[in-house]
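Engineer: Below: one structure in structure tokens.
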Amino acid sequence: QSALTQPASVSGSPGQSITISCTGTSSDVGGYNSVSWYQQHPGKAPKLMIYEVTNRPSGVSNRFSGSKSGNTASLTISGLQAEDEADYYCSSYTSISTLEVFGTGTKVTVL
Amino acid sequence: QLLESGGGLVQPGGSLRLSCAASGFTFSNYAMSWVRQAPGKGLECVSAVSGSGGSRYYADSLKGRFTISRDNSKNTVSLQMNSLRADDTAIYYCAKRARITVTGNWYFDLWGRGTLVTVSS
């Protein structure tokens with residue numbers, strides 16, 4: 001099972017909106033509503049930001065939203081803030097492997 | 001919270017046992033996992049266990065080298081790692097799933113700070 005494909009980096013200015021894509025296949029992203037997103041600051045543990053494509057855990061800012069179209073899921077960060085600068089990983093259930101598959105990761109830079 | 005321990009330096013072919021102590025929630029009600037991150041790399045879920053401990057899952061790449069277990073009386077989950085290789089070098093995170101089963105429960109809502117495992121001679 002290959003990792004899901006994410007852009008290596010995405011950048012934006014404070015206040016702008018950015019979108020991170022996560023591309024898989026019909027065996028994972030496209031076939032199931034089991035996509036989640038994690039934020040990881042340097043040297044820290046990952047933090048759940050979105051689960052089951054569109055759901056936001058309590059305590060996560062509503063500036064973060066998730067969506068999916070076909071085999072590609074997306075995480076949108078609106079009103080970009082300096083604290084959003086981090087690595088972001090998507091994850092999905094896959095029918096090919098025993099456990100879920102993660103994305104390659106995207107570094108978000110706030111200009 | 002989740003607190004991992006047991007990481008360290010081990011020679012290739014050696015063994016190591018990681019532990020994770022959980023607090024602040026009813027441990028037996030949730031499936032647990034170990035997720036690793038090699039230096040500068042992405043995330044990989046290596047193992048998972050249901051809330052009862054009766055169902056265990058492993059990444060296909062491990063080829064039977066790792067064993068996950070849990071003790072609900074002590075609120076701990078462990079990962080026994082044997083025949084370690086250089087590519088097992090990583091930070092190992094303990095992660096909580098949102099429900100008691102692993103299947104149909106494909107995200108982690110609480111993570112520990114991780115423990116570093118280095119496999120080198």
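Here, A, B, ... name the chains of the structure tokens in the order displayed, residue numbers run from 1 inside each chain, and ligands are numbered from 1 in the same displayed order.
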Could you list, as a VMD selection string, every residue within 10 Å of Phe64 (chain A), counting only C-alpha atoms and ignoring same-chain residues fewer than 2 positions away?
Structural biologist: chain A and resid 17 19 37 49 to 50 54 to 56 60 to 62 66 75 to 80 84
Engineer: Need the shell around Gly24 (chain A): protein/DNA/RNA residues with any atom at most 10 Å away, counting only C-alpha atoms. Skip same-chain ones fewer than 4 positions apart. Format as an MDAnalysis selection string?
Structural biologist: chainID A and resid 2:6 28:31 70:73 91:92 94 101 103
Engineer: For the selection you just gave me, I'd like the residues written to a file as a compact mmCIF listing (two decimals), in the first residue's frame, keeping C-alpha atoms.
Structural biologist:
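Once everything was written out, this is out.txt:
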# COMPACT_ATOMS: atom_id res chain seq x y z
CA SER A 2 1.57 3.26 -1.12
CA ALA A 3 1.24 6.41 0.93
CA LEU A 4 -1.45 8.90 -0.03
CA THR A 5 -0.09 11.78 -2.08
CA GLN A 6 0.11 15.26 -0.60
CA ASP A 28 -8.96 4.19 0.18
CA VAL A 29 -9.89 7.90 -0.03
CA GLY A 30 -12.44 7.50 -2.82
CA GLY A 31 -14.15 4.44 -1.47
CA GLY A 70 -13.64 11.46 -5.84
CA ASN A 71 -10.25 10.08 -4.83
CA THR A 72 -9.01 13.39 -3.40
CA ALA A 73 -9.64 14.75 0.08
CA SER A 91 -4.94 9.33 6.72
CA SER A 92 -7.54 6.94 5.35
CA THR A 94 -7.76 1.23 2.98
CA VAL A 101 -2.57 4.52 5.30
CA GLY A 103 -0.26 10.71 3.43
Engineer: In Å, rounded to a single decimal, give me how far CA of Glu4 (chain B) is from CA of Pro42 (chain A).
Structural biologist: 18.4 Å
Engineer: Using DSSP on the backbone coordinates, identify all residues within chain B classified as strand (DSSP E or B); present the result as a PyMOL selection string.
Structural biologist: chain B and resi 2-5+8-10+16-22+32-37+43-49+56-58+66-71+76-81+90-97+108-111+115-119
Engineer: Wanna dump the chain A-chain B contacts at 8 Å for me, each residue with its shortest atom pair and the distance in Å to one decimal, counting only C-alpha atoms, ordered by chain and number, as a Markdown table?
Structural biologist:
| residue | atom | partner | partner_atom | distance |
| --- | --- | --- | --- | --- |
| A:Ser34 | CA | B:Trp106 | CA | 6.3 |
| A:Val35 | CA | B:Trp106 | CA | 7.9 |
| A:Ser36 | CA | B:Tyr107 | CA | 6.3 |
| A:Lys44 | CA | B:Arg113 | CA | 6.7 |
| A:Ala45 | CA | B:Arg113 | CA | 5.3 |
| A:Pro46 | CA | B:Trp111 | CA | 6.7 |
| A:Lys47 | CA | B:Trp111 | CA | 7.1 |
| A:Leu48 | CA | B:Asp109 | CA | 5.7 |
| A:Tyr51 | CA | B:Tyr107 | CA | 6.6 |
| A:Tyr89 | CA | B:Gly42 | CA | 7.9 |
| A:Ser91 | CA | B:Tyr107 | CA | 7.8 |
| A:Ser92 | CA | B:Trp106 | CA | 7.0 |
| A:Tyr93 | CA | B:Trp106 | CA | 6.0 |
| A:Ser97 | CA | B:Asp60 | CA | 6.9 |
| A:Thr98 | CA | B:Ala59 | CA | 6.3 |
| A:Leu99 | CA | B:Ala59 | CA | 6.2 |
| A:Glu100 | CA | B:Trp106 | CA | 6.7 |
| A:Val101 | CA | B:Glu44 | CA | 7.2 |
| A:Phe102 | CA | B:Leu43 | CA | 6.2 |
| A:Gly103 | CA | B:Gly42 | CA | 7.5 |
| A:Thr104 | CA | B:Gly42 | CA | 5.9 |
| A:Gly105 | CA | B:Gly42 | CA | 6.3 |
Engineer: Emit the selected residues as a short mmCIF file (atom, residue, chain, number, x, y, z; two decimals), in the first residue's frame, including N, CA, C and O atoms.
Structural biologist:
data_model
loop_
_atom_site.label_atom_id
_atom_site.label_comp_id
_atom_site.auth_asym_id
_atom_site.auth_seq_id
_atom_site.Cartn_x
_atom_site.Cartn_y
_atom_site.Cartn_z
N SER A 34 -13.55 7.78 5.52
CA SER A 34 -12.69 7.55 6.69
C SER A 34 -11.40 8.34 6.61
O SER A 34 -10.36 7.87 7.05
N VAL A 35 -11.47 9.54 6.06
CA VAL A 35 -10.28 10.39 5.95
C VAL A 35 -10.16 11.25 7.21
O VAL A 35 -11.13 11.84 7.68
N SER A 36 -8.97 11.30 7.75
CA SER A 36 -8.70 12.17 8.89
C SER A 36 -7.46 13.02 8.60
O SER A 36 -6.67 12.70 7.70
N LYS A 44 6.72 17.86 18.23
CA LYS A 44 5.50 17.58 19.01
C LYS A 44 4.75 16.38 18.44
O LYS A 44 5.00 15.93 17.33
N ALA A 45 3.81 15.87 19.23
CA ALA A 45 2.96 14.77 18.77
C ALA A 45 1.90 15.30 17.81
O ALA A 45 1.51 16.47 17.89
N PRO A 46 1.44 14.47 16.90
CA PRO A 46 0.35 14.88 16.02
C PRO A 46 -0.93 15.20 16.81
O PRO A 46 -1.13 14.67 17.90
N LYS A 47 -1.78 16.03 16.21
CA LYS A 47 -3.05 16.40 16.82
C LYS A 47 -4.15 16.22 15.78
O LYS A 47 -4.01 16.66 14.64
N LEU A 48 -5.22 15.56 16.18
CA LEU A 48 -6.35 15.34 15.27
C LEU A 48 -7.05 16.66 14.98
O LEU A 48 -7.46 17.37 15.90
N TYR A 51 -11.86 14.44 11.33
CA TYR A 51 -12.06 13.00 11.21
C TYR A 51 -13.29 12.71 10.35
O TYR A 51 -14.20 13.53 10.26
N TYR A 89 -0.79 15.89 7.99
CA TYR A 89 -0.87 14.56 7.40
C TYR A 89 -2.34 14.14 7.26
O TYR A 89 -3.14 14.34 8.18
N SER A 91 -4.93 10.77 6.50
CA SER A 91 -4.94 9.33 6.72
C SER A 91 -6.28 8.79 6.25
O SER A 91 -7.30 9.50 6.27
N SER A 92 -6.30 7.55 5.82
CA SER A 92 -7.54 6.94 5.35
C SER A 92 -7.55 5.46 5.60
O SER A 92 -6.51 4.78 5.55
N TYR A 93 -8.73 4.92 5.84
CA TYR A 93 -8.92 3.48 5.79
C TYR A 93 -8.57 3.02 4.37
O TYR A 93 -8.79 3.73 3.40
N SER A 97 -4.82 -2.87 2.87
CA SER A 97 -3.95 -3.21 3.99
C SER A 97 -4.74 -3.40 5.28
O SER A 97 -5.91 -3.04 5.36
N THR A 98 -4.07 -3.95 6.27
CA THR A 98 -4.73 -4.21 7.55
C THR A 98 -5.06 -2.94 8.29
O THR A 98 -6.12 -2.84 8.95
N LEU A 99 -4.15 -1.99 8.26
CA LEU A 99 -4.32 -0.75 9.00
C LEU A 99 -4.38 0.44 8.03
O LEU A 99 -4.07 0.30 6.86
N GLU A 100 -4.74 1.60 8.57
CA GLU A 100 -4.91 2.76 7.69
C GLU A 100 -3.60 3.20 7.05
O GLU A 100 -2.53 2.79 7.47
N VAL A 101 -3.72 3.99 6.01
CA VAL A 101 -2.57 4.52 5.30
C VAL A 101 -2.51 6.02 5.55
O VAL A 101 -3.55 6.70 5.59
N PHE A 102 -1.29 6.54 5.71
CA PHE A 102 -1.10 7.98 5.90
C PHE A 102 -0.63 8.62 4.60
O PHE A 102 -0.14 7.97 3.68
N GLY A 103 -0.77 9.95 4.56
CA GLY A 103 -0.26 10.71 3.43
C GLY A 103 1.22 11.02 3.61
O GLY A 103 1.80 10.78 4.68
N THR A 104 1.81 11.58 2.58
CA THR A 104 3.23 11.89 2.58
C THR A 104 3.57 13.11 3.41
O THR A 104 4.73 13.34 3.74
N GLY A 105 2.58 13.90 3.76
CA GLY A 105 2.79 15.06 4.62
C GLY A 105 2.99 16.35 3.84
O GLY A 105 3.58 16.35 2.76
#
Engineer: Please, what distance in Å, to one decimal, runs between CA of Asp87 (chain B) and CA of Val49 (chain B)?
Structural biologist: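 One can read the CA of Asp87 (chain B) to CA of Val49 (chain B) distance as 23.1 Å.
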Engineer: Name the residues in contact with Val119 (chain B) at a cut-off of 6 Å, using only C-alpha atoms, excluding same-chain residues fewer than 2 positions from it; report them as a list in words.
Structural biologist: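 Residues near the query, excluding close chain neighbours: Leu9, Val10, Gln11, Pro12, Ala86 and Thr89 of chain B.
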Engineer: Residues of the last selection are to be written out with all heavy atoms, as a compact mmCIF listing (two decimals), in the first residue's frame.
Structural biologist:
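The resulting file, result-v9.txt, is shown below:
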# COMPACT_ATOMS: atom_id res chain seq x y z
N LEU B 9 18.52 2.85 22.68
CA LEU B 9 19.43 2.36 21.64
C LEU B 9 19.54 0.84 21.74
O LEU B 9 19.77 0.29 22.82
CB LEU B 9 20.81 2.99 21.83
CG LEU B 9 21.92 2.50 20.90
CD1 LEU B 9 21.61 2.84 19.45
CD2 LEU B 9 23.26 3.10 21.33
N VAL B 10 19.36 0.16 20.61
CA VAL B 10 19.44 -1.30 20.58
C VAL B 10 20.18 -1.72 19.32
O VAL B 10 20.10 -1.03 18.28
CB VAL B 10 18.03 -1.92 20.64
CG1 VAL B 10 17.18 -1.48 19.45
CG2 VAL B 10 18.09 -3.44 20.74
N GLN B 11 20.91 -2.80 19.41
CA GLN B 11 21.66 -3.29 18.26
C GLN B 11 20.74 -4.00 17.28
O GLN B 11 19.69 -4.55 17.67
CB GLN B 11 22.76 -4.24 18.72
CG GLN B 11 23.87 -3.57 19.51
CD GLN B 11 25.04 -4.50 19.77
OE1 GLN B 11 24.88 -5.72 19.72
NE2 GLN B 11 26.20 -3.94 20.04
N PRO B 12 21.11 -4.02 16.01
CA PRO B 12 20.32 -4.79 15.02
C PRO B 12 20.17 -6.24 15.46
O PRO B 12 21.12 -6.86 15.95
CB PRO B 12 21.16 -4.68 13.75
CG PRO B 12 21.91 -3.40 13.90
CD PRO B 12 22.23 -3.30 15.37
N ALA B 86 17.58 -1.56 11.28
CA ALA B 86 17.89 -0.13 11.23
C ALA B 86 16.67 0.68 10.79
O ALA B 86 16.45 1.80 11.27
CB ALA B 86 19.06 0.12 10.29
N THR B 89 14.16 2.31 13.24
CA THR B 89 14.51 3.53 13.97
C THR B 89 13.44 4.59 13.75
O THR B 89 13.14 4.95 12.60
CB THR B 89 15.88 4.05 13.51
OG1 THR B 89 16.89 3.12 13.87
CG2 THR B 89 16.18 5.41 14.15
Engineer: From the list A:Lys68, A:Ala8, A:Gln81, A:Ser74, which residue is nearest Ser21 (chain A) when using only C-alpha atoms?
Structural biologist: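 Among A:Lys68, A:Ala8, A:Gln81, A:Ser74, it is A:Ser74 that comes nearest to Ser21 (chain A).
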Engineer: Pick out the closest residue to Ile18 (chain A) from this set: A:Val53, A:Ile96, A:Cys90, A:Val108. Count only C-alpha atoms.
Structural biologist: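 Closest to Ile18 (chain A), using only C-alpha atoms: A:Val108.
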Engineer: Chain A: which residues are helix (DSSP H, G or I) by DSSP, as number ranges by chain?
Structural biologist: A: 29-31, 82-84
Engineer: Need to verify the contact set: Leu16 (chain B), 12 Å, only C-alpha atoms, exclusion of same-chain residues closer than 5 positions in sequence. Can you return it as a VMD selection string?
Structural biologist: chain B and resid 5 to 11 65 to 67 78 to 85 88 to 89 92 115 to 119
Engineer: Output C-alpha atoms for every residue in the selection just made, as a short mmCIF file (atom, residue, chain, number, x, y, z; two decimals), in the first residue's frame.
Structural biologist:
data_model
loop_
_atom_site.label_atom_id
_atom_site.label_comp_id
_atom_site.auth_asym_id
_atom_site.auth_seq_id
_atom_site.Cartn_x
_atom_site.Cartn_y
_atom_site.Cartn_z
CA SER B 5 8.43 4.65 27.92
CA GLY B 6 10.97 1.99 27.01
CA GLY B 7 12.70 3.52 24.02
CA GLY B 8 16.45 3.58 23.62
CA LEU B 9 19.43 2.36 21.64
CA VAL B 10 19.44 -1.30 20.58
CA GLN B 11 21.66 -3.29 18.26
CA ARG B 65 8.29 -9.22 14.48
CA PHE B 66 6.12 -7.03 16.75
CA THR B 67 3.47 -8.02 19.31
CA SER B 78 2.74 -2.46 25.24
CA LEU B 79 4.65 -3.22 22.05
CA GLN B 80 7.19 -6.03 22.08
CA MET B 81 9.62 -5.52 19.20
CA ASN B 82 11.93 -8.36 18.13
CA SER B 83 14.53 -8.79 15.38
CA LEU B 84 14.91 -5.04 15.16
CA ARG B 85 16.40 -3.51 12.03
CA ASP B 88 12.74 0.42 12.66
CA THR B 89 14.51 3.53 13.97
CA TYR B 92 7.01 5.52 18.49
CA THR B 115 9.55 7.50 22.68
CA LEU B 116 12.62 7.26 20.46
CA VAL B 117 13.90 3.88 19.32
CA THR B 118 17.30 3.81 17.67
CA VAL B 119 18.55 0.61 16.08
#
Engineer: How many Å lie between CA of Arg17 (chain B) and CA of Arg97 (chain B), rounded to one decimal?
Structural biologist: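 Atom-to-atom, CA of Arg17 (chain B) to CA of Arg97 (chain B), that is 21.2 Å.
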Engineer: May I have the residues within 9 Å of Val110 (chain A) as a list in words, using only C-alpha atoms and disregarding those fewer than 6 positions away in the same chain?
Structural biologist: Val10, Ser11, Gly12, Ser13, Pro14, Leu80, Gln81, Ala82, Glu83, Asp84 and Glu85 of chain A
Engineer: Export N, CA and C atoms of the chosen residues as a short mmCIF file (atom, residue, chain, number, x, y, z; two decimals), in the first residue's frame?
Structural biologist:
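As a result, again-v2.cif now contains:
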data_model
loop_
_atom_site.label_atom_id
_atom_site.label_comp_id
_atom_site.auth_asym_id
_atom_site.auth_seq_id
_atom_site.Cartn_x
_atom_site.Cartn_y
_atom_site.Cartn_z
N VAL A 10 2.90 23.97 1.14
CA VAL A 10 1.88 24.95 0.79
C VAL A 10 2.16 26.18 1.66
N SER A 11 2.02 27.35 1.07
CA SER A 11 2.26 28.56 1.85
C SER A 11 1.17 29.59 1.61
N GLY A 12 1.05 30.51 2.53
CA GLY A 12 0.07 31.56 2.41
C GLY A 12 0.37 32.67 3.40
N SER A 13 -0.22 33.82 3.16
CA SER A 13 -0.03 34.97 4.04
C SER A 13 -1.08 34.94 5.14
N PRO A 14 -0.80 35.60 6.23
CA PRO A 14 -1.80 35.66 7.31
C PRO A 14 -3.14 36.19 6.80
N LEU A 80 -5.65 32.20 7.77
CA LEU A 80 -4.36 31.62 8.16
C LEU A 80 -3.67 32.43 9.25
N GLN A 81 -3.17 31.74 10.27
CA GLN A 81 -2.48 32.38 11.37
C GLN A 81 -1.08 31.78 11.54
N ALA A 82 -0.21 32.53 12.18
CA ALA A 82 1.17 32.08 12.36
C ALA A 82 1.23 30.72 13.06
N GLU A 83 0.32 30.47 13.98
CA GLU A 83 0.31 29.21 14.74
C GLU A 83 -0.09 28.01 13.88
N ASP A 84 -0.58 28.28 12.68
CA ASP A 84 -0.96 27.17 11.79
C ASP A 84 0.24 26.59 11.06
N GLU A 85 1.38 27.24 11.18
CA GLU A 85 2.59 26.75 10.53
C GLU A 85 3.00 25.43 11.18
#
Engineer: Pick out the closest residue to Ile20 (chain A) from this set: A:Ser65, A:Gln40, A:Asn33, A:Ser95. Count only C-alpha atoms.
Structural biologist: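 Answer, going by the shortest atom-to-atom distance: A:Ser65.
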